[in-house]
>>> print(open('coords21.cif').read())   # mmCIF, C-alpha atoms
data_target
loop_
_atom_site.label_atom_id
_atom_site.label_comp_id
_atom_site.auth_asym_id
_atom_site.auth_seq_id
_atom_site.Cartn_x
_atom_site.Cartn_y
_atom_site.Cartn_z
CA MET Q 9 5.33 -56.60 -38.74
CA ARG Q 10 7.02 -53.22 -38.65
CA LEU Q 11 3.88 -51.56 -37.19
CA ARG Q 12 3.55 -54.33 -34.57
CA LEU Q 13 7.21 -53.86 -33.54
CA LEU Q 14 6.71 -50.11 -33.23
CA PHE Q 15 3.61 -50.62 -31.06
CA LEU Q 16 5.39 -53.02 -28.72
CA THR Q 17 8.36 -50.65 -28.41
CA SER Q 18 6.04 -47.76 -27.45
CA VAL Q 19 4.23 -49.83 -24.84
CA SER Q 20 7.55 -50.93 -23.34
CA LEU Q 21 8.73 -47.33 -23.10
CA LEU Q 22 5.52 -46.22 -21.38
CA LEU Q 23 5.77 -49.01 -18.81
CA THR Q 24 9.38 -48.07 -18.11
CA LEU Q 25 8.48 -44.42 -17.52
CA ALA Q 26 5.58 -45.38 -15.24
CA GLY Q 27 7.90 -47.34 -12.99
CA CYS Q 28 10.54 -44.68 -12.68
CA GLY Q 29 8.61 -42.15 -10.63
CA ARG Q 30 9.28 -38.43 -11.29
CA LEU Q 31 11.77 -38.46 -14.16
CA LEU Q 32 11.18 -34.81 -15.03
CA PRO Q 33 11.47 -31.92 -12.55
CA ASP Q 34 8.25 -30.65 -11.01
CA PHE Q 35 8.45 -26.87 -11.44
CA ARG Q 36 5.73 -26.37 -8.83
CA ASP Q 37 8.13 -27.65 -6.19
CA PRO Q 38 11.57 -26.05 -6.88
CA PRO Q 39 14.59 -27.33 -4.98
CA ARG Q 40 15.79 -25.29 -1.99
CA PRO Q 41 19.43 -24.39 -1.38
CA ALA Q 42 21.19 -26.72 1.03
CA GLY Q 43 20.60 -25.72 4.64
CA SER Q 44 17.72 -23.36 3.91
CA ALA Q 45 14.49 -23.48 5.89
CA PRO Q 46 11.29 -24.55 4.15
CA ALA Q 47 8.83 -21.84 3.28
CA PRO Q 48 6.20 -21.41 6.00
CA ILE Q 49 2.80 -22.92 5.40
CA GLN Q 50 0.42 -20.00 5.62
CA PRO Q 51 -2.98 -20.47 7.23
CA GLN Q 52 -5.98 -20.48 4.94
CA GLY Q 53 -8.68 -18.04 5.93
CA THR Q 54 -11.59 -16.10 4.54
CA GLY Q 55 -9.80 -12.80 3.97
CA ARG Q 56 -9.45 -11.00 0.69
CA ALA Q 57 -6.95 -8.44 -0.51
CA ASP Q 58 -8.07 -4.83 -0.04
CA PHE Q 59 -5.98 -2.98 -2.59
CA GLY Q 60 -7.02 0.54 -1.61
CA LEU Q 61 -6.94 0.13 2.16
CA ILE Q 62 -3.54 1.64 2.99
CA ASP Q 63 -4.12 4.77 0.90
CA ALA Q 64 -7.66 5.44 2.14
CA PRO Q 65 -8.36 8.00 4.88
CA ILE Q 66 -9.12 6.56 8.32
CA ASP Q 67 -12.84 6.27 9.06
CA GLY Q 68 -15.22 4.20 11.14
CA GLY Q 69 -14.87 1.20 8.84
CA THR Q 70 -11.08 1.06 8.67
CA ALA Q 71 -10.60 -1.33 11.60
CA GLY Q 72 -13.08 -3.80 10.13
CA ARG Q 73 -11.37 -3.65 6.74
CA ILE Q 74 -8.03 -4.37 8.44
CA ARG Q 75 -9.44 -7.44 10.17
CA GLN Q 76 -10.96 -8.73 6.95
CA ALA Q 77 -7.79 -8.23 4.90
CA ALA Q 78 -5.70 -9.80 7.68
CA ALA Q 79 -7.89 -12.93 7.99
CA ASP Q 80 -5.19 -14.89 6.15
CA PHE Q 81 -1.58 -14.16 5.29
CA GLY Q 82 -2.08 -14.23 1.53
CA SER Q 83 -4.72 -11.50 1.42
CA CYS Q 84 -2.86 -9.41 4.00
CA HIS Q 85 0.42 -9.69 2.10
CA ALA Q 86 -1.27 -8.81 -1.19
CA THR Q 87 -2.83 -5.71 0.39
CA LEU Q 88 0.59 -4.52 1.53
CA LEU Q 89 2.25 -5.24 -1.82
CA ALA Q 90 -0.46 -3.35 -3.70
CA ALA Q 91 0.51 -0.24 -1.71
CA GLN Q 92 4.25 -0.84 -2.29
CA VAL Q 93 4.88 -1.94 1.29
CA GLN Q 94 7.47 -4.72 1.49
CA LEU Q 95 6.84 -7.36 4.15
CA THR Q 96 9.34 -10.20 3.72
CA PRO Q 97 7.82 -13.43 5.13
CA VAL Q 98 9.75 -15.30 7.82
CA PRO Q 99 9.28 -19.00 8.69
CA ASP Q 100 6.76 -19.75 11.39
CA ARG Q 101 8.48 -20.82 14.59
CA VAL Q 102 7.80 -21.72 18.22
CA ASP Q 103 10.41 -20.53 20.70
CA THR Q 104 8.70 -21.44 23.99
CA ALA Q 105 5.28 -22.57 25.14
CA THR Q 106 4.08 -18.95 24.99
CA CYS Q 107 6.39 -17.33 22.43
CA GLY Q 108 6.70 -17.63 18.68
CA VAL Q 109 5.72 -16.12 15.36
CA VAL Q 110 3.07 -17.24 12.87
CA GLY Q 111 2.08 -15.40 9.71
CA ALA Q 112 4.79 -12.78 10.20
CA GLY Q 113 7.54 -11.03 8.28
CA THR Q 114 10.08 -8.25 8.43
CA LEU Q 115 8.60 -4.85 7.62
CA ASP Q 116 11.22 -3.52 5.25
CA VAL Q 117 10.51 -0.66 2.83
CA ASP Q 118 7.38 1.40 2.25
CA ARG Q 119 7.87 2.99 -1.16
CA GLY Q 120 4.82 5.16 -0.64
CA THR Q 121 6.54 7.24 2.04
CA VAL Q 122 9.93 8.65 2.98
CA ALA Q 123 9.52 7.80 6.68
CA ARG Q 124 11.77 4.87 7.58
CA LEU Q 125 11.73 2.65 10.65
CA SER Q 126 14.53 2.60 13.21
CA PRO Q 127 15.59 -0.05 14.05
CA ALA Q 128 14.98 -1.29 10.53
CA ALA Q 129 13.17 -4.46 9.46
CA PRO Q 130 11.36 -5.43 12.68
CA VAL Q 131 9.56 -8.78 12.72
CA MET Q 132 5.80 -8.48 13.16
CA THR Q 133 2.58 -10.20 12.20
CA CYS Q 134 1.09 -9.20 8.89
CA GLU Q 135 -1.93 -7.67 10.63
CA THR Q 136 0.36 -5.48 12.74
CA ALA Q 137 2.26 -4.40 9.62
CA LEU Q 138 -0.99 -3.56 7.87
CA ALA Q 139 -2.40 -1.44 10.70
CA PHE Q 140 0.95 0.29 11.22
CA SER Q 141 1.33 1.10 7.51
CA ILE Q 142 -2.07 2.81 7.47
CA TRP Q 143 -1.22 4.71 10.66
CA ARG Q 144 2.12 5.86 9.23
CA ARG Q 145 0.60 7.17 5.99
CA GLN Q 146 -2.80 8.41 7.13
CA SER Q 147 -2.04 9.67 10.64
CA VAL Q 148 1.60 10.20 11.61
CA GLU Q 149 2.78 11.92 8.44
CA PRO Q 150 -0.23 14.21 7.87
CA ALA Q 151 -0.30 15.23 11.55
CA ALA Q 152 3.39 16.14 11.48
CA ARG Q 153 2.95 18.32 8.41
CA GLU Q 154 -0.15 20.02 9.80
CA ILE Q 155 0.90 20.54 13.43
CA LEU Q 156 4.71 20.60 13.32
CA GLY Q 157 5.21 22.01 9.83
CA SER Q 158 7.78 19.43 8.79
CA GLU Q 159 7.98 16.00 7.20
CA VAL Q 160 8.62 12.78 9.12
CA VAL Q 161 11.77 11.06 7.86
CA GLN Q 162 12.16 8.43 10.58
CA ILE Q 163 9.92 6.59 13.04
CA ASP Q 164 11.70 5.31 16.14
CA HIS Q 165 10.42 2.28 18.04
CA PHE Q 166 11.43 0.00 20.92
CA GLY Q 167 10.72 -3.26 19.13
CA THR Q 168 8.03 -5.73 18.22
CA TYR Q 169 8.93 -9.33 19.10
CA ALA Q 170 10.02 -10.07 22.67
CA CYS Q 171 9.46 -13.27 24.62
CA ARG Q 172 8.09 -11.79 27.85
CA GLY Q 173 5.02 -11.15 29.94
CA VAL Q 174 2.89 -8.01 30.02
CA ASN Q 175 4.93 -4.97 31.11
CA GLY Q 176 7.98 -7.23 31.26
CA GLN Q 177 6.86 -8.57 34.62
CA ALA Q 178 7.72 -12.11 35.74
CA GLY Q 179 4.62 -14.27 36.11
CA ALA Q 180 2.40 -11.93 34.10
CA ARG Q 181 0.29 -13.23 31.23
CA PRO Q 182 2.11 -13.34 27.86
CA SER Q 183 2.41 -9.99 26.12
CA ALA Q 184 1.28 -9.50 22.52
CA HIS Q 185 4.97 -8.90 21.90
CA SER Q 186 5.55 -12.59 22.57
CA GLN Q 187 3.71 -13.25 19.29
CA ALA Q 188 5.20 -10.25 17.38
CA ALA Q 189 1.71 -8.76 17.44
CA ALA Q 190 2.54 -5.28 18.78
CA LEU Q 191 4.88 -2.37 18.16
CA ASP Q 192 6.15 0.14 20.74
CA PHE Q 193 6.32 3.57 19.11
CA ALA Q 194 8.93 5.89 20.67
CA GLY Q 195 8.83 9.00 18.49
CA VAL Q 196 9.73 10.59 15.16
CA ARG Q 197 12.53 12.54 13.54
CA LEU Q 198 11.63 15.41 11.24
CA ARG Q 199 13.28 16.70 8.09
CA ASP Q 200 14.07 19.98 9.85
CA GLY Q 201 16.19 18.07 12.39
CA ARG Q 202 13.79 17.99 15.33
CA ARG Q 203 13.21 14.81 17.28
CA ILE Q 204 9.83 14.29 18.93
CA THR Q 205 9.57 11.59 21.61
CA VAL Q 206 6.80 10.29 23.83
CA ALA Q 207 9.20 10.42 26.78
CA ALA Q 208 9.98 14.13 26.44
CA ASP Q 209 7.03 15.67 24.59
CA TRP Q 210 3.79 14.16 25.88
CA ASP Q 211 2.82 17.44 27.59
CA ASP Q 212 -0.53 18.55 26.19
CA GLY Q 213 0.44 22.23 26.27
CA THR Q 214 2.87 22.07 23.33
CA GLU Q 215 2.62 21.47 19.60
CA GLU Q 216 4.68 18.33 20.07
CA GLY Q 217 2.25 17.09 22.69
CA ARG Q 218 -0.75 17.84 20.46
CA PHE Q 219 0.90 15.88 17.67
CA LEU Q 220 1.52 12.85 19.89
CA ARG Q 221 -1.98 12.87 21.35
CA ARG Q 222 -3.58 13.19 17.95
CA ILE Q 223 -1.73 10.20 16.49
CA ARG Q 224 -2.54 8.23 19.67
CA ASP Q 225 -6.24 8.99 19.24
CA GLU Q 226 -6.17 8.08 15.54
CA ALA Q 227 -4.32 4.85 16.29
CA CYS Q 228 -7.34 3.83 18.37
CA HIS Q 229 -9.35 3.58 15.13
CA LEU Q 230 -6.84 1.08 13.71
CA PHE Q 231 -5.48 -1.00 16.59
CA GLY Q 232 -7.45 -2.93 19.20
CA THR Q 233 -5.22 -1.91 22.11
CA VAL Q 234 -3.39 1.42 22.31
CA LEU Q 235 -1.56 2.30 25.53
CA SER Q 236 0.12 5.64 26.28
CA PRO Q 237 1.66 7.42 29.29
CA GLU Q 238 -1.91 8.03 30.48
CA TYR Q 239 -2.33 4.29 31.06
CA ASN Q 240 0.53 3.55 33.49
CA SER Q 241 4.18 4.26 34.18
CA PHE Q 242 5.32 1.30 32.10
CA HIS Q 243 4.23 3.28 29.02
CA ASP Q 244 5.62 6.69 29.91
CA ASP Q 245 8.08 6.63 27.00
CA HIS Q 246 6.11 4.91 24.21
CA LEU Q 247 2.78 4.06 22.61
CA HIS Q 248 1.92 0.37 22.65
CA LEU Q 249 0.12 -0.46 19.37
CA GLU Q 250 -1.56 -3.86 19.22
CA PRO Q 251 -4.12 -5.00 16.62
CA GLY Q 252 -7.12 -7.03 17.60
CA THR Q 253 -10.84 -6.97 18.28
CA ARG Q 254 -10.65 -5.98 21.95
CA PRO Q 255 -10.98 -2.17 21.98
CA PHE Q 256 -8.95 -0.44 24.68
CA CYS Q 257 -7.45 3.00 24.19
CA ARG Q 258 -5.83 5.05 26.88
#
>>> encode(input="coords21.cif", output="structure tokens")
Amino acid sequence: MRLRLLFLTSVSLLLTLAGCGRLLPDFRDPPRPAGSAPAPIQPQGTGRADFGLIDAPIDGGTAGRIRQAAADFGSCHATLLAAQVQLTPVPDRVDTATCGVVGAGTLDVDRGTVARLSPAAPVMTCETALAFSIWRRQSVEPAAREILGSEVVQIDHFGTYACRGVNGQAGARPSAHSQAAALDFAGVRLRDGRRITVAADWDDGTEEGRFLRRIRDEACHLFGTVLSPEYNSFHDDHLHLEPGTRPFCR
């Protein structure tokens, strides 16, 4: 009788638990603070993390490796983290019919370099962050040491995300900036105090000009579209750096 009573009690308890739903917390789905936005759902792709990509010299295969690593956010993010580059994910959002961000984050700290971004923490797609991080380490910094004899401590830019058309013209097709998929490089500041800018130093007859032209040419092996003062007057003070498969460098 005692065993039968114990069996019936156990069955009753199991039936009670089954009807109560989730009585215990599901640690795979932690609660969010009140008012916080849900984490973005990242697209699933066929990419894979490339842990040595950012620290490898630029060659003919670098652009293809960037595209493969950037095929989905997870592999792209892992590639950055492996090189101690901090990209803090931001929620996907749609601002207008042509503007918004997907698979993006704020590019914060690169612990593999002393060169910091100004303004800090720009929002950009992970692919843009990946290409830029390689360019910073494998092109901009070595070229400054070799040609200018000083170390880059700051990289100045004019922004990444902007809801506008190409060249800021009304009625133009949407710019890559409208998807946070481009960065406008303005210049660098060196440890010895010098400031090198595209606006003032593009002249090919100076060391500063040779530095700027070299990093422009090397960017063409990483980004799909690279535009400089040689392209048009809208780019006379910056280099437009945009990842992608369409090669155009001028």
>>> atom_distance(input="coords21.cif", atom1="CA of Ser236 (chain Q)", atom2="CA of Ala194 (chain Q)")
10.4 Å
>>> closest_residue(input="coords21.cif", among="Q:Ala227, Q:Ile142, Q:Val102, Q:Ala79", to="Ala64 (chain Q)", atoms="only C-alpha atoms")
Q:Ile142
>>> residues_near_point(input="coords21.cif", point="(6.4, -9.2, 14.7)", cutoff="6 Å", atoms="all atoms listed in the file", output="PyMOL selection string")
chain Q and resi 112+131-133+168-169+188-189
>>> resolve_selection(input="coords21.cif", expression="the PyMOL selection byres ((chain Q and resi 66) around 12)", output="ChimeraX atom specification")
/Q:60-65,67-74,139,141-148,150,223,225-231
>>> atom_distance(input="coords21.cif", atom1="CA of Val122 (chain Q)", atom2="CA of Val160 (chain Q)")
7.5 Å
>>> resolve_selection(input="coords21.cif", expression="the PyMOL selection byres ((chain Q and resi 127) around 12)", output="ChimeraX atom specification")
/Q:114-116,124-126,128-131,162-168,191-194
>>> atom_distance(input="coords21.cif", atom1="CA of Ala86 (chain Q)", atom2="CA of Ala137 (chain Q)")
12.2 Å
>>> closest_residue(input="coords21.cif", among="Q:Asp100, Q:Glu215, Q:Glu159, Q:Asp80", to="Val196 (chain Q)", atoms="all atoms listed in the file")
Q:Glu159
>>> resolve_selection(input="coords21.cif", expression="the PyMOL selection byres ((chain Q and resi 85) around 12)", output="JSON, numbers by chain")
{"Q": [50, 55, 56, 57, 58, 59, 74, 77, 78, 79, 80, 81, 82, 83, 84, 86, 87, 88, 89, 90, 91, 92, 93, 94, 95, 96, 97, 111, 112, 113, 114, 115, 133, 134, 135, 136, 137, 138]}
>>> closest_residue(input="coords21.cif", among="Q:Cys171, Q:Gly120, Q:Ala151, Q:Arg221", to="Asp209 (chain Q)", atoms="all atoms listed in the file")
Q:Arg221
>>> closest_residue(input="coords21.cif", among="Q:Gly176, Q:Pro255, Q:Gly217, Q:Pro182", to="Thr104 (chain Q)", atoms="all atoms listed in the file")
Q:Pro182
>>> residues_around(input="coords21.cif", residues="Asp212 (chain Q)", least_positions_apart="5", cutoff="12 Å", atoms="only C-alpha atoms", output="PyMOL selection string")
chain Q and resi 206+217-222+237-238
>>> write_last_selection(input="coords21.cif", atoms="C-alpha atoms", output="compact mmCIF listing (two decimals), keeping the file's coordinate frame")
# COMPACT_ATOMS: atom_id res chain seq x y z
CA VAL Q 206 6.80 10.29 23.83
CA GLY Q 217 2.25 17.09 22.69
CA ARG Q 218 -0.75 17.84 20.46
CA PHE Q 219 0.90 15.88 17.67
CA LEU Q 220 1.52 12.85 19.89
CA ARG Q 221 -1.98 12.87 21.35
CA ARG Q 222 -3.58 13.19 17.95
CA PRO Q 237 1.66 7.42 29.29
CA GLU Q 238 -1.91 8.03 30.48
>>> build_atoms(input="coords21.cif", residues="region 60-71 of chain Q", atoms="all heavy atoms", output="compact mmCIF listing (two decimals), keeping the file's coordinate frame")
# COMPACT_ATOMS: atom_id res chain seq x y z
N GLY Q 60 -7.03 -0.89 -1.87
CA GLY Q 60 -7.02 0.54 -1.61
C GLY Q 60 -6.96 0.90 -0.14
O GLY Q 60 -7.02 2.08 0.22
N LEU Q 61 -6.81 -0.10 0.72
CA LEU Q 61 -6.94 0.13 2.16
C LEU Q 61 -5.88 1.08 2.71
O LEU Q 61 -6.19 2.00 3.47
CB LEU Q 61 -6.88 -1.21 2.89
CG LEU Q 61 -6.92 -1.19 4.42
CD1 LEU Q 61 -8.17 -0.47 4.92
CD2 LEU Q 61 -6.87 -2.61 4.97
N ILE Q 62 -4.63 0.87 2.37
CA ILE Q 62 -3.54 1.64 2.99
C ILE Q 62 -3.57 3.11 2.57
O ILE Q 62 -3.15 3.99 3.33
CB ILE Q 62 -2.19 0.99 2.69
CG1 ILE Q 62 -2.11 -0.36 3.40
CG2 ILE Q 62 -1.01 1.87 3.12
CD1 ILE Q 62 -0.87 -1.15 3.10
N ASP Q 63 -4.09 3.39 1.39
CA ASP Q 63 -4.12 4.77 0.90
C ASP Q 63 -5.45 5.47 1.14
O ASP Q 63 -5.64 6.59 0.68
CB ASP Q 63 -3.78 4.79 -0.60
CG ASP Q 63 -2.32 4.49 -0.85
OD1 ASP Q 63 -1.47 5.02 -0.11
OD2 ASP Q 63 -2.02 3.71 -1.77
N ALA Q 64 -6.37 4.83 1.86
CA ALA Q 64 -7.66 5.44 2.14
C ALA Q 64 -7.63 6.16 3.47
O ALA Q 64 -7.01 5.69 4.43
CB ALA Q 64 -8.76 4.37 2.15
N PRO Q 65 -8.30 7.30 3.59
CA PRO Q 65 -8.36 8.00 4.88
C PRO Q 65 -8.99 7.11 5.95
O PRO Q 65 -9.84 6.26 5.67
CB PRO Q 65 -9.26 9.21 4.58
CG PRO Q 65 -9.16 9.40 3.10
CD PRO Q 65 -9.00 8.04 2.53
N ILE Q 66 -8.59 7.33 7.20
CA ILE Q 66 -9.12 6.56 8.32
C ILE Q 66 -10.57 6.97 8.58
O ILE Q 66 -10.89 8.15 8.65
CB ILE Q 66 -8.28 6.78 9.58
CG1 ILE Q 66 -6.84 6.33 9.34
CG2 ILE Q 66 -8.88 6.05 10.77
CD1 ILE Q 66 -5.88 6.74 10.44
N ASP Q 67 -11.45 5.98 8.70
CA ASP Q 67 -12.84 6.27 9.06
C ASP Q 67 -13.36 5.16 9.96
O ASP Q 67 -12.60 4.28 10.39
CB ASP Q 67 -13.72 6.45 7.82
CG ASP Q 67 -13.75 5.23 6.92
OD1 ASP Q 67 -13.57 4.10 7.42
OD2 ASP Q 67 -13.96 5.38 5.69
N GLY Q 68 -14.65 5.16 10.23
CA GLY Q 68 -15.22 4.20 11.14
C GLY Q 68 -15.17 2.76 10.66
O GLY Q 68 -15.33 1.83 11.46
N GLY Q 69 -14.93 2.55 9.37
CA GLY Q 69 -14.87 1.20 8.84
C GLY Q 69 -13.47 0.67 8.65
O GLY Q 69 -13.30 -0.49 8.24
N THR Q 70 -12.46 1.48 8.95
CA THR Q 70 -11.08 1.06 8.67
C THR Q 70 -10.68 -0.17 9.48
O THR Q 70 -10.07 -1.10 8.95
CB THR Q 70 -10.10 2.21 8.94
OG1 THR Q 70 -10.47 3.35 8.15
CG2 THR Q 70 -8.68 1.81 8.58
N ALA Q 71 -11.00 -0.20 10.76
CA ALA Q 71 -10.60 -1.33 11.60
C ALA Q 71 -11.20 -2.63 11.08
O ALA Q 71 -10.53 -3.67 11.06
CB ALA Q 71 -11.01 -1.08 13.05
